[in-house]
file final-v4.cif (mmCIF, C-alpha atoms, pLDDT in the B column; chains and numbers go by the auth columns)
data_entry
loop_
_atom_site.group_PDB
_atom_site.id
_atom_site.type_symbol
_atom_site.label_atom_id
_atom_site.label_comp_id
_atom_site.label_asym_id
_atom_site.label_seq_id
_atom_site.Cartn_x
_atom_site.Cartn_y
_atom_site.Cartn_z
_atom_site.B_iso_or_equiv
_atom_site.auth_seq_id
_atom_site.auth_asym_id
ATOM 1 C CA MET A 1 -12.056 -120.413 -25.180 87.00 83 M
ATOM 2 C CA THR A 2 -9.669 -121.192 -22.377 88.00 84 M
ATOM 3 C CA GLU A 3 -6.878 -123.760 -22.479 90.00 85 M
ATOM 4 C CA ARG A 4 -8.953 -126.062 -20.290 92.00 86 M
ATOM 5 C CA GLU A 5 -11.992 -125.763 -22.593 91.00 87 M
ATOM 6 C CA TYR A 6 -9.754 -126.463 -25.577 91.00 88 M
ATOM 7 C CA ASN A 7 -8.422 -129.635 -23.922 91.00 89 M
ATOM 8 C CA GLU A 8 -11.966 -130.751 -23.129 92.00 90 M
ATOM 9 C CA CYS A 9 -12.909 -130.157 -26.763 91.00 91 M
ATOM 10 C CA VAL A 10 -9.974 -132.308 -27.888 91.00 92 M
ATOM 11 C CA ASN A 11 -10.996 -135.110 -25.524 92.00 93 M
ATOM 12 C CA MET A 12 -14.663 -134.967 -26.513 91.00 94 M
ATOM 13 C CA TYR A 13 -14.458 -134.546 -30.300 91.00 95 M
ATOM 14 C CA ALA A 14 -11.099 -135.846 -31.563 91.00 96 M
ATOM 15 C CA ASP A 15 -12.393 -139.349 -32.264 91.00 97 M
ATOM 16 C CA ASN A 16 -15.549 -138.095 -33.991 90.00 98 M
ATOM 17 C CA VAL A 17 -13.671 -135.687 -36.237 91.00 99 M
ATOM 18 C CA TYR A 18 -11.052 -138.302 -37.083 92.00 100 M
ATOM 19 C CA ARG A 19 -13.702 -140.926 -37.876 89.00 101 M
ATOM 20 C CA PHE A 20 -15.530 -138.486 -40.161 89.00 102 M
ATOM 21 C CA ILE A 21 -12.372 -137.475 -42.011 89.00 103 M
ATOM 22 C CA VAL A 22 -10.949 -140.991 -42.365 88.00 104 M
ATOM 23 C CA LYS A 23 -14.293 -142.246 -43.749 85.00 105 M
ATOM 24 C CA ASN A 24 -14.112 -139.541 -46.404 83.00 106 M
ATOM 25 C CA LEU A 25 -10.435 -139.789 -47.271 84.00 107 M
ATOM 26 C CA ARG A 26 -9.998 -143.538 -46.677 82.00 108 M
ATOM 27 C CA HIS A 27 -6.377 -142.903 -45.749 84.00 109 M
ATOM 28 C CA GLU A 28 -5.391 -142.852 -42.087 88.00 110 M
ATOM 29 C CA GLU A 29 -2.226 -140.740 -42.334 89.00 111 M
ATOM 30 C CA ASP A 30 -3.931 -138.073 -44.434 89.00 112 M
ATOM 31 C CA ALA A 31 -6.870 -138.053 -42.022 90.00 113 M
ATOM 32 C CA ARG A 32 -4.526 -137.559 -39.064 91.00 114 M
ATOM 33 C CA ASP A 33 -2.870 -134.629 -40.840 90.00 115 M
ATOM 34 C CA VAL A 34 -6.219 -133.006 -41.607 90.00 116 M
ATOM 35 C CA VAL A 35 -7.481 -133.451 -38.038 92.00 117 M
ATOM 36 C CA GLN A 36 -4.237 -132.186 -36.554 91.00 118 M
ATOM 37 C CA THR A 37 -4.383 -129.091 -38.761 91.00 119 M
ATOM 38 C CA ALA A 38 -7.986 -128.482 -37.710 92.00 120 M
ATOM 39 C CA PHE A 39 -7.071 -128.649 -34.019 92.00 121 M
ATOM 40 C CA GLU A 40 -4.062 -126.449 -34.656 92.00 122 M
ATOM 41 C CA LYS A 41 -6.246 -123.798 -36.297 92.00 123 M
ATOM 42 C CA MET A 42 -8.692 -123.986 -33.415 92.00 124 M
ATOM 43 C CA TRP A 43 -5.807 -123.515 -30.969 92.00 125 M
ATOM 44 C CA ARG A 44 -4.526 -120.470 -32.852 91.00 126 M
ATOM 45 C CA ASN A 45 -8.034 -118.959 -32.894 90.00 127 M
ATOM 46 C CA ARG A 46 -9.077 -120.166 -29.433 89.00 128 M
ATOM 47 C CA TYR A 47 -9.701 -116.641 -28.130 91.00 129 M
ATOM 48 C CA GLU A 48 -12.260 -115.995 -30.878 90.00 130 M
ATOM 49 C CA VAL A 49 -13.961 -119.409 -30.578 89.00 131 M
ATOM 50 C CA ASP A 50 -16.919 -119.744 -28.239 89.00 132 M
ATOM 51 C CA ALA A 51 -16.501 -122.939 -26.213 87.00 133 M
ATOM 52 C CA ALA A 52 -20.192 -123.763 -26.666 89.00 134 M
ATOM 53 C CA LYS A 53 -19.715 -123.723 -30.453 88.00 135 M
ATOM 54 C CA SER A 54 -16.352 -125.485 -30.500 88.00 136 M
ATOM 55 C CA LYS A 55 -17.758 -128.704 -31.998 89.00 137 M
ATOM 56 C CA SER A 56 -19.288 -126.900 -34.940 88.00 138 M
ATOM 57 C CA TYR A 57 -16.161 -124.795 -35.427 90.00 139 M
ATOM 58 C CA LEU A 58 -13.918 -127.854 -35.304 91.00 140 M
ATOM 59 C CA PHE A 59 -15.979 -129.863 -37.805 90.00 141 M
ATOM 60 C CA THR A 60 -16.220 -126.852 -40.109 89.00 142 M
ATOM 61 C CA VAL A 61 -12.467 -126.322 -40.124 91.00 143 M
ATOM 62 C CA ALA A 62 -11.793 -130.061 -40.539 91.00 144 M
ATOM 63 C CA TYR A 63 -14.317 -130.278 -43.387 90.00 145 M
ATOM 64 C CA HIS A 64 -12.684 -127.394 -45.256 90.00 146 M
ATOM 65 C CA GLN A 65 -9.200 -128.829 -44.658 90.00 147 M
ATOM 66 C CA MET A 66 -10.410 -132.157 -46.031 89.00 148 M
ATOM 67 C CA ILE A 67 -11.858 -130.521 -49.157 88.00 149 M
ATOM 68 C CA ASP A 68 -8.563 -128.693 -49.729 86.00 150 M
ATOM 69 C CA HIS A 69 -6.667 -131.958 -49.295 86.00 151 M
ATOM 70 C CA ILE A 70 -8.956 -133.800 -51.749 83.00 152 M
ATOM 71 C CA ARG A 71 -8.591 -131.069 -54.360 81.00 153 M
ATOM 72 C CA LYS A 72 -4.824 -131.066 -53.988 81.00 154 M
ATOM 73 C CA ASN A 73 -4.670 -134.856 -54.383 76.00 155 M
ATOM 74 C CA LYS A 74 -6.961 -134.789 -57.421 73.00 156 M
ATOM 75 C CA ARG A 75 -4.594 -132.371 -59.148 66.00 157 M
ATOM 76 C CA ILE A 76 -1.651 -134.640 -58.353 64.00 158 M
ATOM 77 C CA GLN A 77 -3.478 -137.781 -59.531 58.00 159 M
ATOM 78 C CA LEU A 78 -4.626 -136.085 -62.718 56.00 160 M
ATOM 79 C CA LYS A 79 -1.061 -135.059 -63.412 56.00 161 M
ATOM 80 C CA ASP A 80 0.089 -138.655 -62.876 54.00 162 M
ATOM 81 C CA GLU A 81 -2.614 -139.987 -65.205 53.00 163 M
ATOM 82 C CA PHE A 82 -1.263 -137.878 -68.024 54.00 164 M
ATOM 83 C CA LYS A 83 2.218 -139.293 -67.425 52.00 165 M
ATOM 84 C CA ASP A 84 1.331 -142.976 -67.307 49.00 166 M
ATOM 85 C CA GLU A 85 -1.482 -144.962 -68.791 47.00 167 M
ATOM 86 C CA VAL A 86 -3.769 -146.031 -66.009 45.00 168 M
ATOM 87 C CA ARG A 87 -5.961 -149.040 -66.527 46.00 169 M
ATOM 88 C CA ILE A 88 -9.258 -149.228 -64.770 45.00 170 M
ATOM 89 C CA GLN A 89 -10.065 -152.695 -63.588 48.00 171 M
ATOM 90 C CA ASP A 90 -13.667 -153.566 -62.999 49.00 172 M
ATOM 91 C CA ARG A 91 -13.543 -156.037 -60.142 48.00 173 M
ATOM 92 C CA PRO A 92 -16.724 -157.179 -58.448 48.00 174 M
ATOM 93 C CA ALA A 93 -16.923 -156.534 -54.732 41.00 175 M
ATOM 94 C CA HIS A 94 -17.270 -159.647 -52.639 55.00 176 M
ATOM 95 C CA ASN A 95 -18.512 -158.177 -49.436 73.00 177 M
ATOM 96 C CA MET A 96 -20.945 -155.494 -48.388 75.00 178 M
ATOM 97 C CA LYS A 97 -18.325 -153.160 -46.945 77.00 179 M
ATOM 98 C CA LYS A 98 -16.530 -152.987 -50.297 81.00 180 M
ATOM 99 C CA VAL A 99 -19.827 -152.480 -52.108 80.00 181 M
ATOM 100 C CA LEU A 100 -20.779 -149.618 -49.798 81.00 182 M
ATOM 101 C CA GLU A 101 -17.344 -148.021 -50.120 82.00 183 M
ATOM 102 C CA GLU A 102 -17.603 -148.247 -53.899 83.00 184 M
ATOM 103 C CA ALA A 103 -21.089 -146.729 -53.826 84.00 185 M
ATOM 104 C CA LEU A 104 -19.888 -143.883 -51.596 85.00 186 M
ATOM 105 C CA SER A 105 -16.866 -143.258 -53.798 85.00 187 M
ATOM 106 C CA ARG A 106 -19.198 -142.575 -56.734 87.00 188 M
ATOM 107 C CA LEU A 107 -20.745 -139.615 -54.915 88.00 189 M
ATOM 108 C CA SER A 108 -19.406 -136.083 -55.155 88.00 190 M
ATOM 109 C CA GLU A 109 -17.283 -134.787 -52.284 85.00 191 M
ATOM 110 C CA THR A 110 -20.207 -132.799 -50.912 87.00 192 M
ATOM 111 C CA GLN A 111 -22.717 -135.634 -51.192 89.00 193 M
ATOM 112 C CA LYS A 112 -20.362 -138.110 -49.545 88.00 194 M
ATOM 113 C CA SER A 113 -19.685 -135.724 -46.670 87.00 195 M
ATOM 114 C CA LEU A 114 -23.391 -135.086 -46.170 90.00 196 M
ATOM 115 C CA VAL A 115 -24.221 -138.801 -46.081 89.00 197 M
ATOM 116 C CA LEU A 116 -21.456 -139.498 -43.595 87.00 198 M
ATOM 117 C CA LEU A 117 -22.334 -136.539 -41.371 88.00 199 M
ATOM 118 C CA LYS A 118 -26.049 -137.379 -41.292 88.00 200 M
ATOM 119 C CA ASP A 119 -26.243 -141.150 -41.467 85.00 201 M
ATOM 120 C CA TYR A 120 -22.945 -142.140 -39.880 82.00 202 M
ATOM 121 C CA GLU A 121 -22.235 -139.340 -37.387 82.00 203 M
ATOM 122 C CA GLY A 122 -25.885 -138.478 -36.675 84.00 204 M
ATOM 123 C CA TYR A 123 -25.747 -134.684 -37.056 87.00 205 M
ATOM 124 C CA SER A 124 -28.889 -132.637 -37.607 89.00 206 M
ATOM 125 C CA TYR A 125 -29.542 -130.814 -40.868 91.00 207 M
ATOM 126 C CA GLU A 126 -28.825 -127.520 -39.131 90.00 208 M
ATOM 127 C CA GLU A 127 -25.475 -128.730 -37.762 88.00 209 M
ATOM 128 C CA ILE A 128 -24.487 -130.138 -41.147 89.00 210 M
ATOM 129 C CA GLY A 129 -25.360 -126.804 -42.739 90.00 211 M
ATOM 130 C CA LYS A 130 -23.062 -124.984 -40.338 87.00 212 M
ATOM 131 C CA ILE A 131 -20.232 -127.431 -40.951 86.00 213 M
ATOM 132 C CA THR A 132 -20.495 -127.390 -44.749 87.00 214 M
ATOM 133 C CA GLY A 133 -21.629 -123.807 -45.287 89.00 215 M
ATOM 134 C CA LEU A 134 -24.886 -124.896 -46.930 90.00 216 M
ATOM 135 C CA ASN A 135 -28.349 -123.848 -45.842 91.00 217 M
ATOM 136 C CA GLU A 136 -30.701 -126.423 -44.373 91.00 218 M
ATOM 137 C CA SER A 137 -32.736 -126.776 -47.594 92.00 219 M
ATOM 138 C CA GLN A 138 -29.611 -127.421 -49.652 92.00 220 M
ATOM 139 C CA VAL A 139 -28.485 -130.047 -47.169 92.00 221 M
ATOM 140 C CA LYS A 140 -31.821 -131.859 -47.454 92.00 222 M
ATOM 141 C CA VAL A 141 -31.858 -131.720 -51.259 93.00 223 M
ATOM 142 C CA TYR A 142 -28.230 -132.799 -51.697 93.00 224 M
ATOM 143 C CA LEU A 143 -28.651 -135.554 -49.124 92.00 225 M
ATOM 144 C CA HIS A 144 -31.794 -136.835 -50.851 93.00 226 M
ATOM 145 C CA ARG A 145 -30.016 -136.907 -54.212 92.00 227 M
ATOM 146 C CA ALA A 146 -27.021 -138.682 -52.699 91.00 228 M
ATOM 147 C CA ARG A 147 -29.240 -141.319 -51.121 90.00 229 M
ATOM 148 C CA MET A 148 -31.021 -141.855 -54.438 90.00 230 M
ATOM 149 C CA GLN A 149 -27.669 -142.360 -56.184 90.00 231 M
ATOM 150 C CA LEU A 150 -26.644 -144.832 -53.498 87.00 232 M
ATOM 151 C CA LYS A 151 -29.941 -146.679 -53.823 86.00 233 M
ATOM 152 C CA ASN A 152 -29.682 -146.849 -57.616 86.00 234 M
ATOM 153 C CA TYR A 153 -26.173 -148.247 -57.367 84.00 235 M
ATOM 154 C CA LEU A 154 -26.964 -150.747 -54.615 81.00 236 M
ATOM 155 C CA VAL A 155 -30.066 -152.236 -56.241 81.00 237 M
ATOM 156 C CA LYS A 156 -28.220 -153.303 -59.383 77.00 238 M
ATOM 157 C CA PRO A 157 -27.301 -156.992 -59.070 75.00 239 M
ATOM 158 C CA GLU A 158 -24.043 -156.579 -60.994 73.00 240 M
ATOM 159 C CA ASN A 159 -22.809 -154.113 -58.377 67.00 241 M
ATOM 160 C CA VAL A 160 -23.572 -156.345 -55.398 64.00 242 M
ATOM 161 C CA VAL A 161 -22.671 -159.793 -56.721 57.00 243 M
#
call {"tool": "encode", "arguments": {"input": "final-v4.cif", "output": "structure tokens"}}
result
Amino acid sequence: MTEREYNECVNMYADNVYRFIVKNLRHEEDARDVVQTAFEKMWRNRYEVDAAKSKSYLFTVAYHQMIDHIRKNKRIQLKDEFKDEVRIQDRPAHNMKKVLEEALSRLSETQKSLVLLKDYEGYSYEEIGKITGLNESQVKVYLHRARMQLKNYLVKPENVV
């Protein structure tokens, strides 16, 4: 990949990658860090990256960076929970966006990423498989299960009202 091709890749895919990561992390600064690290890794490996496959490479690297970030934060949060008593408040959501965010937050990291890549970003099963390292059948199965969990959560009146 040449410097020009790299710059074109940045212009074409930066917003898509950022949107995908921020939807998963729900924290803008963390999402920026993850995306910046992904572009940095692509820059360092630009001579090994085929320009035609730069989108897939970029999303794959960003996805793995995001998973690492989530795992790191979970360890920190778990450590904090042992220090202080954390109370869970069950507040009803008053608008659909909050309800959907709550439903998505109940999915596993993989399921949430699959739903966002397929239904929000519009990637094919094959592309999602390349990004996540799953085969196409696994993507379909995990995505189906995630959608069923979302449906089961969203049809309960107490979750929507």
call {"tool": "closest_residue", "arguments": {"input": "final-v4.cif", "among": "M:Gln147, M:Gln220, M:Gln231, M:Ser206", "to": "Ala185 in chain M", "atoms": "only C-alpha atoms"}}
result
M:Gln231
call {"tool": "resolve_selection", "arguments": {"input": "final-v4.cif", "expression": "the PyMOL selection byres ((chain M and resi 227) around 12)", "output": "ChimeraX atom specification"}}
result
/M:189-190,192-194,196-197,220-226,228-234
call {"tool": "resolve_selection", "arguments": {"input": "final-v4.cif", "expression": "the PyMOL selection byres ((chain M and resi 84-88) around 12)", "output": "ChimeraX atom specification"}}
result
/M:83,89-96,121-137,139-140
call {"tool": "resolve_selection", "arguments": {"input": "final-v4.cif", "expression": "the PyMOL selection byres ((chain M and resi 143-146) around 9)", "output": "ChimeraX atom specification"}}
result
/M:99-100,102-103,116-121,123-124,138-142,147-151,195,213-214
call {"tool": "atom_distance", "arguments": {"input": "final-v4.cif", "atom1": "CA of Leu182 in chain M", "atom2": "CA of Ile152 in chain M"}}
result
19.8 Å
call {"tool": "atom_distance", "arguments": {"input": "final-v4.cif", "atom1": "CA of His109 in chain M", "atom2": "CA of Ile210 in chain M"}}
result
22.6 Å
call {"tool": "atom_distance", "arguments": {"input": "final-v4.cif", "atom1": "CA of Lys180 in chain M", "atom2": "CA of Tyr207 in chain M"}}
result
27.4 Å
call {"tool": "closest_residue", "arguments": {"input": "final-v4.cif", "among": "M:Glu110, M:Val181, M:Leu199, M:Glu208", "to": "Glu240 in chain M", "atoms": "all atoms listed in the file"}}
result
M:Val181
call {"tool": "closest_residue", "arguments": {"input": "final-v4.cif", "among": "M:Glu209, M:Glu218, M:Glu184, M:Asp201", "to": "Arg108 in chain M", "atoms": "only C-alpha atoms"}}
result
M:Glu184
call {"tool": "axis_aligned_box", "arguments": {"input": "final-v4.cif", "around": "range 131-138 of chain M", "padding_each_side": "8 Å", "output": "lines of an AutoDock Vina configuration file"}}
result
center_x = -17.1
center_y = -124.1
center_z = -30.6
size_x = 22.2
size_y = 25.3
size_z = 24.7
